[in-house]
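The next block holds one structure in the form of structure tokens; read it before the comments.
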Amino acid sequence: MLPVIALVGRPNVGKSTLFNYLTRSREALVADIPGLTRDRQYGRIQHGMRPCLVVDTGGIADDAEGIESISRKQVQIALNEANLVVFMVDAREGISASDKVIADSLRKLGKPILLVTNKVDGIDAPTATAEFHSLALGEPILLAASHGRGVPALLEKINQLLPSAAELIDDEGARKGIGIAVIGRPNVGKSTLVNRILGEERVIVFDQPGTTRDSVYIPFEREGKQFTLIDTAGMRRRSRIAETIEKFSVIKALQAIDKAHVVIYLIDASEGVTDQDAHLLGLVLEAGRTLIIGLNKWDGLTTEQKDKVKRQIELKLPFVDFAEKHPISALHGSGVGKLFDVVHSLFESAMVNLSTSTLNRILKEATDAHQPPMVQNRRIKLKYAHQGGRNPPVIIVHGVQTEALPLSYHRYLTNYFRERLQLAGTPLRLEFKTTA
Ligand code: GDP
Ligand code: GDP
């Protein structure tokens, strides 16, 4: 599973500045997707090392939704699930009483802690940071997050302290065929759906030797096809007991999304689309996963309620317009079979091999039909394209002045490719490169 780094510290020490710096590569991606806002709390970092999740616990604490009790729980969960804590203090303000309180509570976690003294730009760092030795958390790392100074040293330390891939519990060998993650807010019916799928007559669940009922990977076969359910939240074990808000973990959801090929995202249609749905779906999209939206609890809804949910989806979730939406009832089983037929075709979309000649033909068609605009009296030229990745499919387009390409044209081209390639349910990505 993806290792987790928690950023902790008093307000204003610079946590979100560091978080933004570390997760910067996402900004461009998010800007290209209408309606999607950048997540300020959970991010993925790579920086030439093993990918990991970084969680700004301060960002969670002042959650825009203002549901303080949930937020505080999410901070606790983040700390419990963290493999490493980065504790940030303000070198300019010096050590404060709350720094000491935080340090004491962090120590009790028994996890590796990295002490980081931020804002060392323009001050005499050794003198200013000397007093932080009294926290007894080792030699502080000197950082100026807003300038990126000290970040390479921090990353190197992080890399040393994170558990190696082998140490993290992960029986990835058990993942066979198409990986499916069922994601959604507490009580939307994830557990009900998982147990219904695995309990179906047509399904053979393989009990792996050496794995327990708590296993993260649950391989099964349905109509001759192999799938693996990725169950980081123990949904299979749980019958009847609904997930409590206290136990719901965004981190576990993110880890499952990371391991999946296809994400089934459940919305409780009887409640409608909530802000948390938009938030979680944004994270699915950022991970680039192929997506099906299950509108669960469709049973017993009035026509009015059904129309309302459909309207809400258009208004609140424009950024997942590529995803198919399926009304289902996990409880009664209606619509669940269809969901599976879709999973298979979506997987094929996500893993598609696109021939360079096809891509170039489509690029020519698209640019002939609608030319890229002029920038400073020079036309942006898009010359040729090739595939740059799978799951999600990435198309790399080479040209001249591509950095000036307006978002609207980017969208036009993405939609053109999507339609011509008939890619269902997968977030196709276009990247542009200027070649001399
Ligand atoms: P958070 O509340 O811990 O997330 O803190 P922020 O990241 O919002 O930063 C608080 C303030 O400190 C902002 O005005 C930042 O611009 C500033 N800041 C952050 N990092 C640095 C730094 O390395 N040097 C200086 N001088 N200011 C910084
Ligand atoms: P989870 O927290 O997302 O795993 O949700 P659960 O699977 O525990 O379901 C929460 C509640 O919703 C339980 O009381 C379920 O019986 C109920 N539920 C789940 N699916 C459906 C459905 O399709 N229709 C109806 N009416 N209730 C459902």
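Every chain in the structure tokens has a letter given in the order shown (A, B, ...), and although residue numbers restart at 1 in each chain, ligands are simply numbered from 1 in the order shown.
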Quiz prompt | Within-6 Å residues of ligand 1, basis only C-alpha atoms and all ligand atoms, as a PyMOL selection string | solution = chain A and resi 11-17+118-119+121+144-146
Exercise. Write out as a PyMOL selection string each polymer residue (protein, DNA or RNA) that has an atom no more than 9 Å from ligand 2, with only C-alpha atoms and all ligand atoms counted.
Key: chain A and resi 182-195+233+235+238-245+248+266+268+270+295-301+328-334
Quiz item: Which parts of stretch 184-362 of chain A does DSSP call strand (DSSP E or B) when run on the backbone here, written out as a PyMOL selection string?
Solution: chain A and resi 203-205+217-222+225-230+262-268+290-296+324-327
Self-check item: Given only C-alpha atoms as the counted atoms, nearest of A:Val250, A:Ala181, A:Val336, A:Ile230 to A:Arg196
Solution: A:Val336
Quiz item: Contacts of A:Glu223 at 10 Å or less, counting only C-alpha atoms, minus same-chain residues fewer than 4 places along, as an NGL selection string?
Solution: :A and (202-204)
Give me a file of those residues, with C-alpha atoms, as an mmCIF file, in the first residue's frame.
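As a result, selection-v2.cif now contains:
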data_model
loop_
_atom_site.group_PDB
_atom_site.id
_atom_site.type_symbol
_atom_site.label_atom_id
_atom_site.label_comp_id
_atom_site.auth_asym_id
_atom_site.auth_seq_id
_atom_site.Cartn_x
_atom_site.Cartn_y
_atom_site.Cartn_z
ATOM 1 C CA ARG A 202 -22.093 -17.052 -10.336
ATOM 2 C CA VAL A 203 -19.049 -15.934 -8.373
ATOM 3 C CA ILE A 204 -16.198 -18.123 -7.188
#
Under the rule of at most 12 Å, produce a per-residue listing of stretch 299-354 of chain A near stretch 37-55 of chain A: chain, number, name, the closest pair of atoms, and the distance in Å, as a tab-separated table, using only C-alpha atoms.
residue	atom	partner	partner_atom	distance
A:Lys316	CA	A:Thr37	CA	11.4
A:Leu317	CA	A:Thr37	CA	10.9
A:Pro318	CA	A:Thr37	CA	11.4
A:Phe319	CA	A:Thr37	CA	9.6
Quiz prompt | Shell around stretch 131-137 of chain A at 9 Å using only C-alpha atoms, local window under 4 positions removed, as number ranges by chain | solution = A: 89, 91, 94-95, 99-100, 103-104, 107, 113-115, 117, 127
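Put simply, atom CA of A:Thr290 is 19.8 Å away from atom CA of A:Arg222.
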Practice problem: Please identify all polymer residues within 12 Å of stretch 369-374 of chain A, counting only C-alpha atoms, omitting same-chain residues fewer than 3 positions from it, and present them as a PyMOL selection string. | Solution: chain A and resi 362-366+377-383+399-402+404-413+416
Go ahead and save the picked residues with N, CA and C atoms, as a PDB file, in the first residue's frame.
ATOM      1  N   ILE A 362      -6.321  11.090 -36.242  1.00  0.00           N
ATOM      2  CA  ILE A 362      -7.339  11.821 -35.479  1.00  0.00           C
ATOM      3  C   ILE A 362      -6.873  13.251 -35.187  1.00  0.00           C
ATOM      4  N   LEU A 363      -5.590  13.382 -34.876  1.00  0.00           N
ATOM      5  CA  LEU A 363      -5.049  14.720 -34.603  1.00  0.00           C
ATOM      6  C   LEU A 363      -5.223  15.614 -35.825  1.00  0.00           C
ATOM      7  N   LYS A 364      -4.955  15.055 -36.992  1.00  0.00           N
ATOM      8  CA  LYS A 364      -5.073  15.846 -38.223  1.00  0.00           C
ATOM      9  C   LYS A 364      -6.533  16.249 -38.463  1.00  0.00           C
ATOM     10  N   GLU A 365      -7.421  15.276 -38.293  1.00  0.00           N
ATOM     11  CA  GLU A 365      -8.851  15.562 -38.443  1.00  0.00           C
ATOM     12  C   GLU A 365      -9.294  16.691 -37.522  1.00  0.00           C
ATOM     13  N   ALA A 366      -8.860  16.568 -36.266  1.00  0.00           N
ATOM     14  CA  ALA A 366      -9.305  17.534 -35.252  1.00  0.00           C
ATOM     15  C   ALA A 366      -8.772  18.927 -35.569  1.00  0.00           C
ATOM     16  N   ASN A 377       0.663  36.490 -33.122  1.00  0.00           N
ATOM     17  CA  ASN A 377       0.791  36.390 -34.578  1.00  0.00           C
ATOM     18  C   ASN A 377       1.410  35.103 -35.096  1.00  0.00           C
ATOM     19  N   ARG A 378       1.588  34.161 -34.201  1.00  0.00           N
ATOM     20  CA  ARG A 378       2.102  32.868 -34.688  1.00  0.00           C
ATOM     21  C   ARG A 378       1.082  31.800 -34.326  1.00  0.00           C
ATOM     22  N   ARG A 379       0.851  30.914 -35.265  1.00  0.00           N
ATOM     23  CA  ARG A 379      -0.127  29.875 -34.989  1.00  0.00           C
ATOM     24  C   ARG A 379       0.512  28.753 -34.157  1.00  0.00           C
ATOM     25  N   ILE A 380      -0.244  28.299 -33.162  1.00  0.00           N
ATOM     26  CA  ILE A 380       0.220  27.135 -32.409  1.00  0.00           C
ATOM     27  C   ILE A 380       0.084  25.944 -33.344  1.00  0.00           C
ATOM     28  N   LYS A 381       1.130  25.176 -33.493  1.00  0.00           N
ATOM     29  CA  LYS A 381       1.051  24.022 -34.390  1.00  0.00           C
ATOM     30  C   LYS A 381       1.114  22.731 -33.592  1.00  0.00           C
ATOM     31  N   LEU A 382       0.207  21.829 -33.913  1.00  0.00           N
ATOM     32  CA  LEU A 382       0.243  20.505 -33.301  1.00  0.00           C
ATOM     33  C   LEU A 382       0.612  19.534 -34.408  1.00  0.00           C
ATOM     34  N   LYS A 383       1.753  18.872 -34.249  1.00  0.00           N
ATOM     35  CA  LYS A 383       2.291  18.132 -35.396  1.00  0.00           C
ATOM     36  C   LYS A 383       2.028  16.635 -35.365  1.00  0.00           C
ATOM     37  N   GLY A 399       4.348  19.620 -30.730  1.00  0.00           N
ATOM     38  CA  GLY A 399       4.052  20.739 -31.618  1.00  0.00           C
ATOM     39  C   GLY A 399       4.926  21.940 -31.314  1.00  0.00           C
ATOM     40  N   VAL A 400       4.441  23.105 -31.735  1.00  0.00           N
ATOM     41  CA  VAL A 400       5.174  24.344 -31.544  1.00  0.00           C
ATOM     42  C   VAL A 400       4.304  25.286 -30.725  1.00  0.00           C
ATOM     43  N   GLN A 401       4.898  25.957 -29.762  1.00  0.00           N
ATOM     44  CA  GLN A 401       4.194  26.900 -28.872  1.00  0.00           C
ATOM     45  C   GLN A 401       3.078  26.222 -28.079  1.00  0.00           C
ATOM     46  N   THR A 402       3.231  24.948 -27.799  1.00  0.00           N
ATOM     47  CA  THR A 402       2.125  24.239 -27.149  1.00  0.00           C
ATOM     48  C   THR A 402       1.841  24.778 -25.748  1.00  0.00           C
ATOM     49  N   ALA A 404       1.344  27.649 -24.985  1.00  0.00           N
ATOM     50  CA  ALA A 404       0.367  28.741 -25.065  1.00  0.00           C
ATOM     51  C   ALA A 404      -1.034  28.237 -25.421  1.00  0.00           C
ATOM     52  N   LEU A 405      -1.178  26.947 -25.571  1.00  0.00           N
ATOM     53  CA  LEU A 405      -2.469  26.371 -25.978  1.00  0.00           C
ATOM     54  C   LEU A 405      -3.551  26.669 -24.936  1.00  0.00           C
ATOM     55  N   PRO A 406      -4.641  27.309 -25.338  1.00  0.00           N
ATOM     56  CA  PRO A 406      -5.668  27.616 -24.337  1.00  0.00           C
ATOM     57  C   PRO A 406      -6.384  26.352 -23.856  1.00  0.00           C
ATOM     58  N   LEU A 407      -6.883  26.473 -22.618  1.00  0.00           N
ATOM     59  CA  LEU A 407      -7.596  25.348 -22.011  1.00  0.00           C
ATOM     60  C   LEU A 407      -8.752  24.870 -22.874  1.00  0.00           C
ATOM     61  N   SER A 408      -9.442  25.827 -23.489  1.00  0.00           N
ATOM     62  CA  SER A 408     -10.622  25.454 -24.273  1.00  0.00           C
ATOM     63  C   SER A 408     -10.223  24.531 -25.425  1.00  0.00           C
ATOM     64  N   TYR A 409      -9.057  24.798 -26.019  1.00  0.00           N
ATOM     65  CA  TYR A 409      -8.619  23.940 -27.118  1.00  0.00           C
ATOM     66  C   TYR A 409      -8.171  22.566 -26.605  1.00  0.00           C
ATOM     67  N   HIS A 410      -7.529  22.598 -25.456  1.00  0.00           N
ATOM     68  CA  HIS A 410      -7.131  21.344 -24.803  1.00  0.00           C
ATOM     69  C   HIS A 410      -8.357  20.453 -24.608  1.00  0.00           C
ATOM     70  N   ARG A 411      -9.437  21.070 -24.116  1.00  0.00           N
ATOM     71  CA  ARG A 411     -10.671  20.329 -23.881  1.00  0.00           C
ATOM     72  C   ARG A 411     -11.285  19.832 -25.174  1.00  0.00           C
ATOM     73  N   TYR A 412     -11.272  20.707 -26.170  1.00  0.00           N
ATOM     74  CA  TYR A 412     -11.829  20.326 -27.474  1.00  0.00           C
ATOM     75  C   TYR A 412     -11.125  19.073 -27.986  1.00  0.00           C
ATOM     76  N   LEU A 413      -9.801  19.112 -27.925  1.00  0.00           N
ATOM     77  CA  LEU A 413      -9.012  18.004 -28.451  1.00  0.00           C
ATOM     78  C   LEU A 413      -9.222  16.726 -27.627  1.00  0.00           C
ATOM     79  N   TYR A 416     -12.479  15.338 -28.593  1.00  0.00           N
ATOM     80  CA  TYR A 416     -12.416  14.804 -29.950  1.00  0.00           C
ATOM     81  C   TYR A 416     -11.784  13.413 -29.946  1.00  0.00           C
TER      82      TYR A 416
END
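Coordinates place atom CA of A:Leu162 at a distance of 6.5 Å from atom CA of A:Leu84.
If you measure from each of A:Thr367, A:Gln226, A:Thr426, A:Thr23 to A:Val284 using only C-alpha atoms, the closest one turns out to be A:Thr426.
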Please return, as a tab-separated table (two decimals) with N, CA and C atoms, in the first residue's frame, all residues of stretch 149-379 of chain A that DSSP assigns to helix (DSSP H, G or I) on the basis of the backbone.
chain	number	residue	atom	x	y	z
A	151	VAL	N	14.16	21.36	0.76
A	151	VAL	CA	13.23	20.29	0.39
A	151	VAL	C	13.97	19.01	-0.05
A	152	PRO	N	15.02	19.13	-0.88
A	152	PRO	CA	15.74	17.90	-1.25
A	152	PRO	C	16.25	17.13	-0.03
A	153	ALA	N	16.79	17.86	0.95
A	153	ALA	CA	17.29	17.19	2.16
A	153	ALA	C	16.14	16.53	2.92
A	154	LEU	N	15.01	17.22	2.96
A	154	LEU	CA	13.84	16.66	3.63
A	154	LEU	C	13.39	15.38	2.93
A	155	LEU	N	13.32	15.43	1.59
A	155	LEU	CA	12.88	14.26	0.84
A	155	LEU	C	13.83	13.08	1.05
A	156	GLU	N	15.11	13.40	1.15
A	156	GLU	CA	16.07	12.32	1.35
A	156	GLU	C	15.84	11.64	2.70
A	157	LYS	N	15.60	12.46	3.72
A	157	LYS	CA	15.30	11.92	5.05
A	157	LYS	C	14.03	11.09	5.03
A	158	ILE	N	13.02	11.64	4.36
A	158	ILE	CA	11.73	10.93	4.27
A	158	ILE	C	11.97	9.55	3.67
A	159	ASN	N	12.72	9.54	2.59
A	159	ASN	CA	13.01	8.29	1.89
A	159	ASN	C	13.70	7.26	2.79
A	160	GLN	N	14.61	7.78	3.64
A	160	GLN	CA	15.32	6.88	4.55
A	160	GLN	C	14.39	6.30	5.60
A	161	LEU	N	13.44	7.12	6.04
A	161	LEU	CA	12.62	6.70	7.17
A	161	LEU	C	11.36	5.91	6.80
A	172	GLU	N	0.43	-8.25	-2.94
A	172	GLU	CA	0.05	-7.85	-4.29
A	172	GLU	C	-0.04	-9.02	-5.26
A	173	GLY	N	0.72	-10.06	-4.98
A	173	GLY	CA	0.67	-11.25	-5.83
A	173	GLY	C	-0.74	-11.83	-5.91
A	174	ALA	N	-1.55	-11.50	-4.90
A	174	ALA	CA	-2.91	-12.03	-4.87
A	174	ALA	C	-3.84	-11.26	-5.80
A	190	LYS	N	-21.47	0.38	0.45
A	190	LYS	CA	-20.27	-0.29	-0.09
A	190	LYS	C	-20.20	-1.73	0.37
A	191	SER	N	-20.35	-1.90	1.69
A	191	SER	CA	-20.25	-3.22	2.26
A	191	SER	C	-21.36	-4.14	1.73
A	192	THR	N	-22.55	-3.59	1.60
A	192	THR	CA	-23.68	-4.36	1.08
A	192	THR	C	-23.38	-4.81	-0.35
A	193	LEU	N	-22.82	-3.91	-1.15
A	193	LEU	CA	-22.51	-4.25	-2.54
A	193	LEU	C	-21.43	-5.33	-2.62
A	194	VAL	N	-20.37	-5.13	-1.84
A	194	VAL	CA	-19.26	-6.09	-1.85
A	194	VAL	C	-19.75	-7.48	-1.46
A	195	ASN	N	-20.55	-7.54	-0.41
A	195	ASN	CA	-21.02	-8.84	0.06
A	195	ASN	C	-22.02	-9.46	-0.92
A	196	ARG	N	-22.77	-8.60	-1.59
A	196	ARG	CA	-23.70	-9.12	-2.59
A	196	ARG	C	-22.93	-9.73	-3.77
A	197	ILE	N	-21.91	-9.00	-4.24
A	197	ILE	CA	-21.12	-9.49	-5.38
A	197	ILE	C	-20.48	-10.83	-5.02
A	198	LEU	N	-19.82	-10.85	-3.86
A	198	LEU	CA	-19.08	-12.06	-3.49
A	198	LEU	C	-20.00	-13.21	-3.11
A	199	GLY	N	-21.23	-12.88	-2.76
A	199	GLY	CA	-22.17	-13.92	-2.36
A	199	GLY	C	-22.97	-14.50	-3.52
A	250	VAL	N	-10.28	8.33	4.61
A	250	VAL	CA	-9.96	8.80	3.26
A	250	VAL	C	-8.67	8.15	2.78
A	251	ILE	N	-7.72	7.96	3.71
A	251	ILE	CA	-6.43	7.38	3.34
A	251	ILE	C	-6.62	5.96	2.82
A	252	LYS	N	-7.42	5.17	3.52
A	252	LYS	CA	-7.66	3.80	3.06
A	252	LYS	C	-8.32	3.80	1.69
A	253	ALA	N	-9.25	4.73	1.51
A	253	ALA	CA	-9.92	4.84	0.20
A	253	ALA	C	-8.88	5.15	-0.88
A	254	LEU	N	-7.97	6.07	-0.58
A	254	LEU	CA	-6.95	6.45	-1.56
A	254	LEU	C	-6.02	5.28	-1.88
A	255	GLN	N	-5.71	4.50	-0.85
A	255	GLN	CA	-4.83	3.35	-1.07
A	255	GLN	C	-5.52	2.31	-1.96
A	256	ALA	N	-6.82	2.14	-1.75
A	256	ALA	CA	-7.56	1.18	-2.59
A	256	ALA	C	-7.64	1.69	-4.03
A	257	ILE	N	-7.90	2.98	-4.19
A	257	ILE	CA	-7.98	3.57	-5.53
A	257	ILE	C	-6.66	3.34	-6.26
A	258	ASP	N	-5.57	3.53	-5.54
A	258	ASP	CA	-4.24	3.38	-6.13
A	258	ASP	C	-4.02	1.97	-6.68
A	259	LYS	N	-4.55	0.98	-5.99
A	259	LYS	CA	-4.33	-0.42	-6.39
A	259	LYS	C	-5.33	-0.90	-7.44
A	275	ASP	N	-21.11	17.32	-0.70
A	275	ASP	CA	-19.78	17.91	-0.94
A	275	ASP	C	-18.68	16.87	-0.79
A	276	GLN	N	-18.88	15.96	0.15
A	276	GLN	CA	-17.86	14.94	0.34
A	276	GLN	C	-17.75	14.01	-0.87
A	277	ASP	N	-18.89	13.78	-1.55
A	277	ASP	CA	-18.84	13.00	-2.78
A	277	ASP	C	-17.95	13.70	-3.81
A	278	ALA	N	-18.16	15.01	-3.96
A	278	ALA	CA	-17.37	15.77	-4.93
A	278	ALA	C	-15.89	15.69	-4.57
A	279	HIS	N	-15.61	15.78	-3.29
A	279	HIS	CA	-14.25	15.73	-2.79
A	279	HIS	C	-13.60	14.38	-3.09
A	280	LEU	N	-14.29	13.31	-2.74
A	280	LEU	CA	-13.73	11.96	-2.96
A	280	LEU	C	-13.60	11.66	-4.45
A	281	LEU	N	-14.60	12.07	-5.23
A	281	LEU	CA	-14.53	11.83	-6.67
A	281	LEU	C	-13.36	12.59	-7.31
A	282	GLY	N	-13.09	13.78	-6.78
A	282	GLY	CA	-11.93	14.54	-7.25
A	282	GLY	C	-10.65	13.75	-7.05
A	283	LEU	N	-10.56	13.07	-5.91
A	283	LEU	CA	-9.36	12.28	-5.62
A	283	LEU	C	-9.27	11.06	-6.55
A	284	VAL	N	-10.41	10.46	-6.89
A	284	VAL	CA	-10.42	9.33	-7.83
A	284	VAL	C	-9.88	9.81	-9.18
A	285	LEU	N	-10.35	10.97	-9.58
A	285	LEU	CA	-9.97	11.51	-10.87
A	285	LEU	C	-8.48	11.87	-10.90
A	286	GLU	N	-8.01	12.47	-9.82
A	286	GLU	CA	-6.59	12.81	-9.76
A	286	GLU	C	-5.72	11.59	-9.89
A	303	THR	N	-40.01	9.39	-8.40
A	303	THR	CA	-39.52	9.97	-9.65
A	303	THR	C	-38.86	11.32	-9.37
A	304	GLU	N	-39.46	12.05	-8.45
A	304	GLU	CA	-38.92	13.36	-8.09
A	304	GLU	C	-37.50	13.24	-7.54
A	305	GLN	N	-37.31	12.28	-6.64
A	305	GLN	CA	-35.98	12.08	-6.05
A	305	GLN	C	-34.96	11.68	-7.13
A	306	LYS	N	-35.41	10.81	-8.03
A	306	LYS	CA	-34.50	10.37	-9.09
A	306	LYS	C	-34.06	11.54	-9.95
A	307	ASP	N	-35.02	12.39	-10.32
A	307	ASP	CA	-34.69	13.55	-11.15
A	307	ASP	C	-33.74	14.49	-10.41
A	308	LYS	N	-33.98	14.61	-9.13
A	308	LYS	CA	-33.16	15.52	-8.32
A	308	LYS	C	-31.69	15.06	-8.32
A	309	VAL	N	-31.49	13.76	-8.12
A	309	VAL	CA	-30.12	13.23	-8.10
A	309	VAL	C	-29.45	13.47	-9.46
A	310	LYS	N	-30.19	13.21	-10.53
A	310	LYS	CA	-29.61	13.41	-11.86
A	310	LYS	C	-29.19	14.85	-12.06
A	311	ARG	N	-30.03	15.78	-11.60
A	311	ARG	CA	-29.70	17.20	-11.73
A	311	ARG	C	-28.47	17.55	-10.90
A	312	GLN	N	-28.43	17.01	-9.67
A	312	GLN	CA	-27.29	17.29	-8.79
A	312	GLN	C	-25.98	16.82	-9.40
A	313	ILE	N	-26.04	15.66	-10.07
A	313	ILE	CA	-24.83	15.12	-10.67
A	313	ILE	C	-24.30	16.07	-11.74
A	314	GLU	N	-25.21	16.59	-12.55
A	314	GLU	CA	-24.78	17.53	-13.58
A	314	GLU	C	-24.19	18.80	-12.98
A	315	LEU	N	-24.81	19.28	-11.93
A	315	LEU	CA	-24.38	20.54	-11.34
A	315	LEU	C	-23.10	20.41	-10.52
A	316	LYS	N	-23.05	19.38	-9.69
A	316	LYS	CA	-21.95	19.29	-8.73
A	316	LYS	C	-20.77	18.47	-9.22
A	318	PRO	N	-19.51	18.03	-12.66
A	318	PRO	CA	-19.26	18.14	-14.11
A	318	PRO	C	-17.94	17.49	-14.51
A	319	PHE	N	-17.02	17.39	-13.57
A	319	PHE	CA	-15.68	16.89	-13.91
A	319	PHE	C	-15.64	15.38	-14.09
A	320	VAL	N	-16.73	14.70	-13.77
A	320	VAL	CA	-16.76	13.25	-14.05
A	320	VAL	C	-17.81	12.94	-15.10
A	336	VAL	N	-26.79	-4.69	-10.52
A	336	VAL	CA	-25.43	-5.08	-10.16
A	336	VAL	C	-24.76	-5.88	-11.29
A	337	GLY	N	-25.53	-6.75	-11.94
A	337	GLY	CA	-25.00	-7.53	-13.06
A	337	GLY	C	-24.50	-6.62	-14.18
A	338	LYS	N	-25.30	-5.61	-14.48
A	338	LYS	CA	-24.93	-4.67	-15.54
A	338	LYS	C	-23.63	-3.96	-15.21
A	339	LEU	N	-23.47	-3.64	-13.93
A	339	LEU	CA	-22.27	-2.96	-13.47
A	339	LEU	C	-21.03	-3.74	-13.90
A	340	PHE	N	-21.14	-5.07	-13.81
A	340	PHE	CA	-20.00	-5.91	-14.14
A	340	PHE	C	-19.68	-5.92	-15.61
A	341	ASP	N	-20.74	-5.92	-16.43
A	341	ASP	CA	-20.50	-5.87	-17.86
A	341	ASP	C	-19.71	-4.61	-18.18
A	342	VAL	N	-20.06	-3.53	-17.48
A	342	VAL	CA	-19.39	-2.26	-17.73
A	342	VAL	C	-17.95	-2.29	-17.25
A	343	VAL	N	-17.73	-2.88	-16.08
A	343	VAL	CA	-16.38	-2.93	-15.52
A	343	VAL	C	-15.42	-3.49	-16.56
A	344	HIS	N	-15.88	-4.53	-17.25
A	344	HIS	CA	-15.00	-5.17	-18.21
A	344	HIS	C	-14.66	-4.26	-19.38
A	345	SER	N	-15.67	-3.60	-19.93
A	345	SER	CA	-15.37	-2.75	-21.09
A	345	SER	C	-14.57	-1.52	-20.67
A	346	LEU	N	-14.79	-1.06	-19.44
A	346	LEU	CA	-14.02	0.09	-18.96
A	346	LEU	C	-12.55	-0.26	-18.79
A	347	PHE	N	-12.33	-1.45	-18.28
A	347	PHE	CA	-10.95	-1.90	-18.10
A	347	PHE	C	-10.23	-1.90	-19.45
A	348	GLU	N	-10.96	-2.37	-20.46
A	348	GLU	CA	-10.34	-2.39	-21.79
A	348	GLU	C	-10.03	-0.99	-22.29
A	349	SER	N	-10.91	-0.05	-21.99
A	349	SER	CA	-10.64	1.35	-22.36
A	349	SER	C	-9.40	1.87	-21.66
A	350	ALA	N	-9.29	1.55	-20.38
A	350	ALA	CA	-8.18	2.08	-19.58
A	350	ALA	C	-6.84	1.52	-20.05
A	356	THR	N	0.03	4.70	-33.24
A	356	THR	CA	0.50	6.04	-33.55
A	356	THR	C	-0.18	6.57	-34.82
A	357	SER	N	-0.39	5.67	-35.79
A	357	SER	CA	-1.01	6.16	-37.04
A	357	SER	C	-2.45	6.60	-36.80
A	358	THR	N	-3.17	5.85	-35.97
A	358	THR	CA	-4.55	6.26	-35.65
A	358	THR	C	-4.54	7.61	-34.95
A	359	LEU	N	-3.65	7.75	-33.97
A	359	LEU	CA	-3.62	9.00	-33.21
A	359	LEU	C	-3.29	10.18	-34.12
A	360	ASN	N	-2.37	9.97	-35.03
A	360	ASN	CA	-1.99	11.06	-35.94
A	360	ASN	C	-3.12	11.41	-36.91
A	361	ARG	N	-3.85	10.38	-37.31
A	361	ARG	CA	-4.98	10.64	-38.20
A	361	ARG	C	-6.04	11.47	-37.47
A	362	ILE	N	-6.32	11.09	-36.24
A	362	ILE	CA	-7.34	11.82	-35.48
A	362	ILE	C	-6.87	13.25	-35.19
A	363	LEU	N	-5.59	13.38	-34.88
A	363	LEU	CA	-5.05	14.72	-34.60
A	363	LEU	C	-5.22	15.61	-35.83
A	364	LYS	N	-4.95	15.06	-36.99
A	364	LYS	CA	-5.07	15.85	-38.22
A	364	LYS	C	-6.53	16.25	-38.46
A	365	GLU	N	-7.42	15.28	-38.29
A	365	GLU	CA	-8.85	15.56	-38.44
A	365	GLU	C	-9.29	16.69	-37.52
A	366	ALA	N	-8.86	16.57	-36.27
A	366	ALA	CA	-9.31	17.53	-35.25
A	366	ALA	C	-8.77	18.93	-35.57
A	367	THR	N	-7.50	18.99	-35.97
A	367	THR	CA	-6.91	20.31	-36.22
A	367	THR	C	-7.40	20.88	-37.55
A	368	ASP	N	-7.75	20.01	-38.50
A	368	ASP	CA	-8.33	20.50	-39.76
A	368	ASP	C	-9.71	21.09	-39.52
A	369	ALA	N	-10.47	20.40	-38.67
A	369	ALA	CA	-11.84	20.85	-38.40
A	369	ALA	C	-11.85	22.16	-37.62
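Distance-wise, atom CA of A:Val4 and atom CA of A:Lys108 end up 17.9 Å apart.
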At a cut-off of 7 Å, using only C-alpha atoms, what residues contact A:Val205? Leave out same-chain residues fewer than 3 positions from it and give the result as a compact mmCIF listing (two decimals) with C-alpha atoms, in the first residue's frame.
# COMPACT_ATOMS: atom_id res chain seq x y z
CA LEU A 198 -19.08 -12.06 -3.49
CA PRO A 219 -9.64 -12.53 -6.00
CA PHE A 220 -12.77 -13.92 -7.61
CA GLU A 221 -14.08 -15.21 -10.89
Practice problem: Counting only C-alpha atoms, figure out which residue out of A:Pro163, A:Ala130, A:Ile102, A:Val116 gets nearest to A:Pro3. | Solution: A:Pro163
